[in-house]
file work06.txt (compact mmCIF, C-alpha atoms)
# COMPACT_ATOMS: atom_id res chain seq x y z
CA MET A 1 109.82 38.24 187.40
CA ARG A 2 109.36 41.27 189.61
CA TYR A 3 105.76 41.60 188.41
CA ILE A 4 105.02 37.92 189.18
CA ASN A 5 106.44 38.24 192.72
CA LEU A 6 104.29 41.29 193.52
CA SER A 7 101.14 39.61 192.12
CA CYS A 8 101.76 36.50 194.25
CA LEU A 9 102.11 38.54 197.43
CA ASN A 10 98.98 40.55 196.72
CA PHE A 11 97.00 37.35 196.10
CA VAL A 12 98.14 35.87 199.41
CA ILE A 13 97.20 39.01 201.30
CA ASN A 14 93.71 39.08 199.78
CA THR A 15 92.99 35.33 200.44
CA ASN A 16 90.72 34.62 203.43
CA HIS A 17 90.89 30.77 203.56
CA ARG A 18 93.51 29.80 206.16
CA SER A 19 94.63 26.49 204.63
CA MET A 20 94.72 27.93 201.12
CA LYS A 21 96.69 30.90 202.40
CA SER A 22 99.36 28.60 203.88
CA ILE A 23 99.76 26.75 200.57
CA LEU A 24 100.01 30.03 198.63
CA ILE A 25 102.67 31.38 200.99
CA SER A 26 104.79 28.27 200.32
CA ILE A 27 104.37 28.72 196.57
CA CYS A 28 105.28 32.41 196.73
CA LEU A 29 108.38 31.70 198.80
CA THR A 30 109.49 29.18 196.19
CA ILE A 31 108.95 31.70 193.39
CA LEU A 32 110.85 34.40 195.28
CA THR A 33 113.76 32.04 195.87
CA ILE A 34 113.91 31.12 192.19
CA GLY A 35 113.71 34.82 191.25
CA GLY A 36 116.57 35.67 193.61
CA LEU A 37 118.68 32.90 192.16
CA HIS A 38 117.90 34.16 188.66
CA SER A 39 118.87 37.73 189.61
CA GLN A 40 122.11 36.50 191.18
CA SER A 41 122.77 34.40 188.11
CA LEU A 42 122.24 37.45 185.87
CA GLU A 43 124.62 39.53 187.98
CA ASP A 44 127.24 36.79 187.89
CA ASP A 45 126.77 36.51 184.13
CA VAL A 46 127.34 40.27 183.68
CA ASN A 47 130.51 40.11 185.76
CA VAL A 48 131.81 37.22 183.68
CA GLN A 49 131.02 39.10 180.48
CA LEU A 50 132.80 42.21 181.78
CA MET A 51 135.89 40.17 182.61
CA LYS A 52 135.92 38.68 179.11
CA ALA A 53 135.54 42.12 177.54
CA LYS A 54 138.38 43.47 179.72
CA VAL A 55 140.69 40.66 178.57
CA LEU A 56 139.82 41.37 174.92
CA PHE A 57 140.32 45.13 175.44
CA ASP A 58 143.76 44.60 176.97
CA ALA A 59 144.62 42.31 174.05
CA GLU A 60 143.65 45.17 171.66
CA ARG A 61 140.77 43.11 170.22
CA TYR A 62 138.47 46.09 170.48
CA ASP A 63 135.80 44.96 167.98
CA GLU A 64 135.22 41.75 169.97
CA ALA A 65 135.08 43.74 173.23
CA VAL A 66 132.43 46.01 171.69
CA ARG A 67 130.27 42.99 170.81
CA ILE A 68 130.33 41.79 174.42
CA TYR A 69 129.42 45.25 175.71
CA ASN A 70 126.55 45.26 173.21
CA THR A 71 125.27 42.01 174.76
CA ILE A 72 125.51 43.41 178.29
CA ILE A 73 123.65 46.62 177.35
CA LYS A 74 120.99 44.60 175.53
CA LYS A 75 120.32 42.65 178.74
CA ASP A 76 120.42 45.78 180.93
CA ASP A 77 120.29 49.13 179.15
CA GLU A 78 120.83 51.01 182.44
CA TYR A 79 124.18 49.44 183.25
CA ALA A 80 126.36 52.58 183.03
CA PRO A 81 129.88 51.01 183.16
CA ALA A 82 129.20 49.11 179.94
CA TYR A 83 128.58 52.37 178.05
CA LEU A 84 131.84 53.87 179.28
CA MET A 85 133.91 50.79 178.41
CA ARG A 86 132.24 50.51 175.01
CA ALA A 87 133.10 54.18 174.37
CA LYS A 88 136.76 53.52 175.23
CA SER A 89 136.82 50.56 172.84
CA LYS A 90 135.28 52.61 170.02
CA ILE A 91 138.05 55.22 170.38
CA PHE A 92 140.60 52.69 169.12
CA LEU A 93 138.28 51.73 166.26
CA GLY A 94 137.98 55.37 165.20
CA ALA A 95 134.20 55.32 165.73
CA TRP A 96 134.09 58.83 167.21
CA ALA A 97 130.36 59.44 166.69
CA GLY A 98 129.56 56.19 168.52
CA THR A 99 132.02 57.12 171.27
CA ARG A 100 130.24 60.43 171.77
CA ASN A 101 126.80 58.77 171.95
CA ASP A 102 127.99 56.21 174.51
CA LEU A 103 129.53 58.96 176.65
CA LEU A 104 126.30 60.96 176.58
CA ASP A 105 124.35 57.84 177.63
CA TYR A 106 126.82 57.27 180.45
CA ILE A 107 126.41 60.89 181.61
CA ASP A 108 122.61 60.46 181.65
CA LEU A 109 122.93 57.39 183.85
CA ASN A 110 125.90 58.23 186.05
CA GLY A 111 126.60 61.97 185.72
CA VAL A 112 129.76 63.77 184.60
CA THR A 113 133.14 62.53 185.80
CA LYS A 114 136.69 63.76 185.27
CA GLU A 115 137.47 60.77 183.05
CA VAL A 116 134.44 61.42 180.83
CA ILE A 117 135.37 65.11 180.43
CA LYS A 118 138.85 64.13 179.24
CA ILE A 119 137.52 61.60 176.74
CA MET A 120 134.90 64.07 175.49
CA SER A 121 137.55 66.72 174.73
CA ILE A 122 139.42 64.28 172.48
CA THR A 123 136.19 62.99 170.90
CA GLU A 124 134.83 66.45 170.04
CA TYR A 125 138.23 67.42 168.64
CA GLU A 126 138.28 64.37 166.35
CA LEU A 127 134.72 65.17 165.23
CA GLY A 128 135.80 68.72 164.34
CA ASN A 129 133.72 70.41 167.05
CA TYR A 130 136.60 72.61 168.23
CA THR A 131 134.57 74.99 170.41
CA ALA A 132 133.02 72.11 172.37
CA ALA A 133 136.40 70.37 172.54
CA LYS A 134 138.00 73.54 173.94
CA ASN A 135 135.32 73.83 176.63
CA TYR A 136 135.90 70.22 177.74
CA ALA A 137 139.70 70.60 177.65
CA THR A 138 139.55 73.85 179.64
CA THR A 139 137.38 72.16 182.29
CA ALA A 140 139.73 69.16 182.43
CA LEU A 141 142.75 71.44 182.94
CA GLU A 142 140.95 73.33 185.69
CA LEU A 143 140.56 70.00 187.47
CA ASP A 144 144.17 68.99 186.77
CA PRO A 145 146.50 71.71 185.35
CA TYR A 146 149.33 69.17 184.97
CA ASP A 147 147.52 66.71 182.71
CA GLY A 148 149.96 66.36 179.80
CA GLU A 149 147.44 64.68 177.51
CA GLN A 150 144.90 67.49 177.95
CA LEU A 151 147.62 70.15 177.51
CA PHE A 152 148.55 68.45 174.25
CA ILE A 153 144.96 68.30 172.96
CA ALA A 154 144.41 71.94 174.05
CA GLY A 155 147.42 72.92 171.92
CA ASN A 156 145.98 71.04 168.94
CA ILE A 157 142.66 72.83 169.36
CA GLU A 158 144.34 76.27 169.48
CA MET A 159 146.30 75.39 166.35
CA LYS A 160 143.06 74.50 164.55
CA GLN A 161 141.64 77.85 165.64
CA ARG A 162 144.76 79.59 164.25
CA ASP A 163 146.24 80.78 167.55
CA LYS A 164 149.73 79.38 167.11
CA THR A 165 151.27 81.33 169.99
CA GLN A 166 148.80 79.85 172.48
CA ALA A 167 149.16 76.41 170.88
CA CYS A 168 152.94 76.52 171.37
CA GLU A 169 152.53 77.44 175.03
CA TYR A 170 150.25 74.43 175.59
CA TRP A 171 152.59 72.11 173.67
CA GLU A 172 155.60 73.34 175.63
CA ALA A 173 153.80 72.63 178.91
CA ALA A 174 152.68 69.22 177.59
CA ALA A 175 156.27 68.37 176.64
CA GLN A 176 157.39 69.22 180.17
CA MET A 177 154.73 66.79 181.45
CA GLY A 178 156.09 64.08 179.13
CA ALA A 179 153.13 64.00 176.71
CA ARG A 180 153.91 61.88 173.65
CA GLY A 181 154.35 63.91 170.46
CA ALA A 182 154.42 67.31 172.19
CA LYS A 183 158.20 67.74 172.00
CA THR A 184 158.18 67.00 168.27
CA LEU A 185 155.52 69.66 167.62
CA VAL A 186 157.39 72.22 169.71
CA SER A 187 160.59 71.76 167.70
CA LYS A 188 158.72 71.71 164.38
CA GLU A 189 156.18 74.50 164.81
CA CYS A 190 157.36 76.78 167.60
CA SER A 191 161.07 77.48 167.08
CA VAL A 192 160.53 80.92 165.54
CA ILE A 193 157.98 82.04 168.14
CA PHE A 194 160.20 80.91 171.02
CA GLU A 195 163.20 82.61 169.40
CA ILE A 196 161.24 85.86 169.19
CA ARG A 197 160.06 85.44 172.77
CA GLU A 198 163.65 84.96 173.95
CA GLU A 199 164.75 88.11 172.10
CA GLN A 200 161.95 90.04 173.77
CA ARG A 201 162.96 88.66 177.15
CA GLN A 202 166.55 89.78 176.62
CA LYS A 203 165.42 93.25 175.50
CA LYS A 204 163.26 93.58 178.61
CA ALA A 205 166.16 92.51 180.82
CA GLU A 206 168.49 95.05 179.16
CA ALA A 207 165.89 97.83 179.44
CA LYS A 208 165.33 97.00 183.11
CA ALA A 209 169.09 97.05 183.81
CA LYS A 210 169.43 100.45 182.10
CA ALA A 211 166.48 101.86 184.04
CA GLU A 212 167.95 100.65 187.34
CA ALA A 213 171.33 102.18 186.41
CA ARG A 214 169.63 105.53 185.65
CA GLN A 215 167.79 105.39 188.97
CA ARG A 216 171.02 104.74 190.86
CA ALA A 217 172.78 107.61 189.05
CA GLU A 218 169.86 109.95 189.75
CA ALA A 219 169.82 108.95 193.42
CA LYS A 220 173.56 109.61 193.68
CA ARG A 221 173.19 113.02 192.00
CA GLN A 222 170.37 114.00 194.33
CA ALA A 223 172.42 112.93 197.36
CA GLU A 224 175.38 115.06 196.21
CA LYS A 225 173.06 117.98 195.55
CA ARG A 226 171.58 117.75 199.05
CA ALA A 227 175.07 117.63 200.56
CA ASP A 228 176.14 120.78 198.68
CA SER A 229 172.87 122.46 199.68
CA ASP A 230 173.46 121.73 203.39
CA LEU A 231 176.97 123.27 203.28
CA SER A 232 175.80 126.56 201.76
CA GLU A 233 172.50 126.84 203.65
CA ASP A 234 173.81 129.00 206.53
CA THR A 235 175.59 131.45 204.18
CA GLU A 236 172.53 131.82 201.99
CA GLU A 237 170.31 132.48 205.01
CA GLU A 238 172.53 135.31 206.24
CA SER A 239 172.71 136.86 202.78
CA SER A 240 168.94 136.72 202.36
CA GLN A 241 168.37 138.53 205.66
CA VAL A 242 170.72 141.37 204.65
CA ASN A 243 169.21 141.84 201.21
CA SER A 244 165.55 141.33 202.12
CA ARG A 245 164.82 145.03 202.72
CA SER A 246 166.54 146.23 199.56
CA GLU A 247 164.74 143.63 197.46
CA LYS A 248 161.38 144.94 198.62
CA ARG A 249 162.15 148.46 197.34
CA PRO A 250 161.64 149.09 193.62
CA PRO A 251 164.70 150.17 191.62
CA VAL A 252 165.31 153.96 191.43
CA GLY A 253 164.04 155.62 188.27
CA ILE A 254 161.81 152.69 187.18
CA ILE A 255 158.05 153.09 187.37
CA PRO A 256 156.22 149.75 187.38
CA PRO A 257 153.46 149.47 184.74
CA LYS A 258 149.85 149.71 185.81
CA ASP A 259 147.75 146.57 185.46
CA ASN A 260 144.22 147.63 184.58
CA GLY A 261 143.07 144.04 183.86
CA ASN A 262 141.96 144.84 180.30
CA ASP A 263 144.71 143.07 178.32
CA GLU A 264 142.22 141.24 176.14
CA ASP A 265 140.47 144.51 175.28
CA ASP A 266 143.78 145.88 173.96
CA MET A 267 144.16 142.99 171.45
CA ASN A 268 143.18 143.63 167.85
CA ASP A 269 141.16 141.21 165.70
CA GLU A 270 144.26 139.52 164.27
CA ASP A 271 145.64 138.80 167.75
CA GLU A 272 142.32 137.34 168.85
CA GLU A 273 142.24 135.05 165.80
CA ASN A 274 145.80 133.88 166.52
CA VAL A 275 144.88 133.08 170.12
CA LYS A 276 141.82 131.07 168.99
CA THR A 277 143.94 129.18 166.44
CA ASP A 278 146.56 128.34 169.05
CA ARG A 279 143.89 127.13 171.47
CA ARG A 280 142.28 124.99 168.77
CA LYS A 281 145.62 123.43 167.82
CA GLU A 282 146.35 122.73 171.48
CA ALA A 283 142.96 121.03 171.90
CA GLU A 284 143.51 118.91 168.77
CA LYS A 285 146.95 117.94 170.04
CA GLU A 286 145.54 116.87 173.43
CA GLU A 287 142.75 114.88 171.75
CA LYS A 288 145.22 113.13 169.46
CA GLN A 289 147.50 112.35 172.40
CA ALA A 290 144.55 110.87 174.29
CA LYS A 291 143.76 108.63 171.32
CA LEU A 292 147.38 107.53 171.10
CA GLU A 293 147.34 106.66 174.79
CA TYR A 294 144.22 104.60 174.20
CA GLU A 295 145.93 102.72 171.36
CA LYS A 296 149.14 101.75 173.13
CA VAL A 297 151.67 99.68 171.22
CA ASP A 298 152.43 96.25 172.67
CA MET A 299 156.00 95.45 171.67
CA ASP A 300 155.65 91.86 172.89
CA ALA A 301 152.56 90.97 170.87
CA ILE A 302 153.02 88.46 168.03
CA GLN A 303 150.61 87.23 165.39
CA GLU A 304 151.20 84.58 162.76
CA ILE A 305 149.53 84.14 159.38
CA GLU A 306 149.80 80.67 157.90
CA ILE A 307 150.07 81.03 154.12
CA ASP A 308 150.40 77.30 153.37
CA GLU A 309 152.02 74.18 154.81
CA GLU A 310 155.51 75.40 153.89
CA LEU A 311 155.23 79.13 154.61
CA SER A 312 153.97 81.35 157.42
CA VAL A 313 154.45 85.06 158.19
CA VAL A 314 155.11 86.23 161.76
CA ILE A 315 154.26 89.87 162.56
CA GLY A 316 155.66 91.57 165.65
CA ASN A 317 157.99 94.10 167.28
CA GLY A 318 155.32 96.80 167.51
CA LEU A 319 152.96 95.51 164.82
CA GLY A 320 151.84 92.34 166.60
CA LYS A 321 148.48 93.82 167.65
CA ARG A 322 147.84 95.80 164.46
CA LYS A 323 145.18 93.78 162.65
CA VAL A 324 145.85 92.79 159.04
CA GLU A 325 143.02 93.81 156.72
CA ASP A 326 144.42 92.02 153.67
CA HIS A 327 147.59 90.20 152.67
CA PRO A 328 148.90 89.17 149.26
CA ASP A 329 149.12 85.68 147.82
CA ILE A 330 152.65 84.44 148.48
CA PHE A 331 154.37 81.42 146.98
CA MET A 332 157.96 80.75 148.03
CA LEU A 333 160.03 77.75 146.95
CA SER A 334 163.16 76.74 148.84
CA ASN A 335 164.99 73.49 149.46
CA ASP A 336 166.33 74.86 152.73
CA ALA A 337 164.45 75.80 155.88
CA GLY A 338 164.97 79.30 157.27
CA LYS A 339 163.56 82.79 157.44
CA VAL A 340 163.64 86.14 155.69
CA VAL A 341 163.12 89.10 158.04
CA ILE A 342 161.77 92.37 156.64
CA ASP A 343 161.61 95.56 158.72
CA VAL A 344 158.53 97.56 157.72
CA CYS A 345 156.82 100.83 158.63
CA VAL A 346 153.08 101.44 158.25
CA ASP A 347 151.29 104.80 157.94
CA HIS A 348 148.02 105.77 159.63
CA GLU A 349 145.99 104.40 156.71
CA GLY A 350 147.56 100.95 157.13
CA LYS A 351 149.77 101.02 154.04
CA VAL A 352 153.34 99.73 154.19
CA TYR A 353 155.48 102.61 152.90
CA SER A 354 158.90 101.29 153.93
CA ALA A 355 160.45 97.81 153.74
CA SER A 356 164.06 96.66 154.16
CA ILE A 357 165.85 93.37 154.86
CA ASP A 358 167.15 92.76 158.38
CA LYS A 359 170.40 91.03 157.49
CA ARG A 360 171.24 90.25 161.12
CA LYS A 361 168.17 88.03 161.58
CA THR A 362 167.69 86.69 158.04
CA THR A 363 169.05 83.16 157.43
CA LEU A 364 168.07 82.69 153.75
CA PHE A 365 169.80 85.14 151.42
CA LYS A 366 168.71 83.72 148.08
CA THR A 367 167.93 86.71 145.85
CA SER A 368 164.67 85.27 144.56
CA LEU A 369 163.42 84.89 148.15
CA THR A 370 164.57 88.23 149.55
CA SER A 371 163.33 90.26 146.55
CA LEU A 372 159.97 88.46 146.67
CA ALA A 373 159.68 89.06 150.43
CA LEU A 374 160.45 92.77 149.97
CA ARG A 375 157.86 93.14 147.20
CA LYS A 376 155.14 91.19 149.00
CA SER A 377 155.73 93.06 152.29
CA LYS A 378 154.66 96.30 150.61
CA GLU A 379 151.39 94.66 149.55
CA PHE A 380 150.25 94.01 153.12
CA GLN A 381 147.31 96.19 154.17
CA PHE A 382 146.75 96.87 157.88
CA PHE A 383 143.71 98.45 159.49
CA PRO A 384 143.86 102.27 159.92
CA SER A 385 145.25 103.72 163.15
CA PHE A 386 145.52 107.09 164.88
CA ARG A 387 149.29 106.77 164.74
CA GLU A 388 151.06 108.54 161.92
CA GLU A 389 153.69 105.80 161.81
CA GLN A 390 154.09 102.33 163.29
CA CYS A 391 157.06 100.07 162.60
CA GLY A 392 157.80 96.39 163.17
CA TYR A 393 158.85 93.31 161.21
CA LEU A 394 157.48 90.58 158.97
CA ILE A 395 159.27 87.22 159.28
CA TYR A 396 158.77 84.84 156.37
CA VAL A 397 159.26 81.40 157.91
CA ILE A 398 159.95 78.71 155.29
CA LYS A 399 159.60 74.99 156.09
CA PRO A 400 160.14 72.85 152.97
CA GLY A 401 157.97 69.77 152.75
CA GLU A 402 159.66 66.49 153.62
call {"tool": "encode", "arguments": {"input": "work06.txt", "output": "structure tokens"}}
result
Amino acid sequence: MRYINLSCLNFVINTNHRSMKSILISICLTILTIGGLHSQSLEDDVNVQLMKAKVLFDAERYDEAVRIYNTIIKKDDEYAPAYLMRAKSKIFLGAWAGTRNDLLDYIDLNGVTKEVIKIMSITEYELGNYTAAKNYATTALELDPYDGEQLFIAGNIEMKQRDKTQACEYWEAAAQMGARGAKTLVSKECSVIFEIREEQRQKKAEAKAKAEARQRAEAKRQAEKRADSDLSEDTEEESSQVNSRSEKRPPVGIIPPKDNGNDEDDMNDEDEENVKTDRRKEAEKEEKQAKLEYEKVDMDAIQEIEIDEELSVVIGNGLGKRKVEDHPDIFMLSNDAGKVVIDVCVDHEGKVYSASIDKRKTTLFKTSLTSLALRKSKEFQFFPSFREEQCGYLIYVIKPGE
């Protein structure tokens, strides 16, 4: 229709006969009027179709809504809102690949919006593209840090990428925002981690209180010392003036030794070797200390290894950042949920040379479980370290299947 209108106008412009030109202008005006009515009719038709699709969407008749959006896009493949609404309908039909394609078409036509970013994070997660999903979720949370739905999906992504500690933090925040399902996951998956975190918080608070008490005691002692020093200052000054001359004179009958500056020349070969050995040992000690400073122990770090759906092992209390090179196959059966806590110590090669049950923190005392946990703990292999010894715990968290 647009092509016909342009051709008509060009023909009128190029016509030289006055009477013919008048007739052609009338014809062109008629065509333009009909074309405008057709365009208006098409726009009205699209609006009617959109209203029908919206009613079907709200009635959860998503497949019928998709068919209407298909019709609209077929008539006008550059009508961006239809792609977005069709994508939303496909979500409820589980057609995630189609949802992704519609969103990409919408982005090409209309650009990126906050709503599209949120939908894309969920879509990529459902398609198993966790890195892409994480990028979208991170962007969505930068735009709105209090979006409970995005906090929830971010926790799911971290869980898939085996960072349970970070996942629990996202889920906890999502639960505070009222996200559906977040509170259930927190109680099911994060109880042990939050329990450990609370213990660490209490330890920090106790250590801080002790440090403040020591500072107060030291300040009091220094104040008392200064007070005593002020009282005796005058007496000490008088005594020093009286004795200053006698102190300058050497004692009678004692001849001070001469210092000829050749002490090293007087040493024999054995003494020189001993000095070199001492210096070498001191240098090795300083180098080792520097390495230890570089590899500081983080007492708050926690890592979790998921063995299977019913068992995971939490590593912490000084070993949380020590990477595990290999761990044994573990199979624990229990009708009751709980944990077995094993205190372990690791040598510089990464071998566990000491393992004992922490009875205060253990909740499952079945012999078959505790003996198995003790035996398997000694089979863990950590990466080598400059430290001669590093201790921590392994918590065997058991969650029987329902």
call {"tool": "residues_around", "arguments": {"input": "work06.txt", "residues": "Thr113 in chain A", "least_positions_apart": "3", "cutoff": "12 Å", "atoms": "only C-alpha atoms", "output": "list of chain:residue names"}}
result
A:Leu84, A:Leu103, A:Leu104, A:Tyr106, A:Ile107, A:Asp108, A:Leu109, A:Asn110, A:Val116, A:Ile117, A:Lys118, A:Ile119, A:Met120, A:Tyr136, A:Thr139, A:Ala140, A:Leu143
call {"tool": "closest_residue", "arguments": {"input": "work06.txt", "among": "A:Ala301, A:Ile68, A:Leu141, A:Ile91", "to": "Lys321 in chain A", "atoms": "only C-alpha atoms"}}
result
A:Ala301
call {"tool": "atom_distance", "arguments": {"input": "work06.txt", "atom1": "CA of Pro328 in chain A", "atom2": "CA of Arg375 in chain A"}}
result
10.0 Å
call {"tool": "residues_around", "arguments": {"input": "work06.txt", "residues": "Asp343 in chain A", "least_positions_apart": "3", "cutoff": "9 Å", "atoms": "only C-alpha atoms", "output": "ChimeraX atom specification"}}
result
/A:354-358,391-395
call {"tool": "atom_distance", "arguments": {"input": "work06.txt", "atom1": "CA of Arg201 in chain A", "atom2": "CA of Arg360 in chain A"}}
result
18.1 Å
call {"tool": "atom_distance", "arguments": {"input": "work06.txt", "atom1": "CA of Phe331 in chain A", "atom2": "CA of Thr362 in chain A"}}
result
18.1 Å
call {"tool": "residues_around", "arguments": {"input": "work06.txt", "residues": "range 69-78 of chain A", "least_positions_apart": "2", "cutoff": "8 Å", "atoms": "all atoms listed in the file", "output": "PyMOL selection string"}}
result
chain A and resi 46+49-50+53+65-67+80+82-83+85-86+109
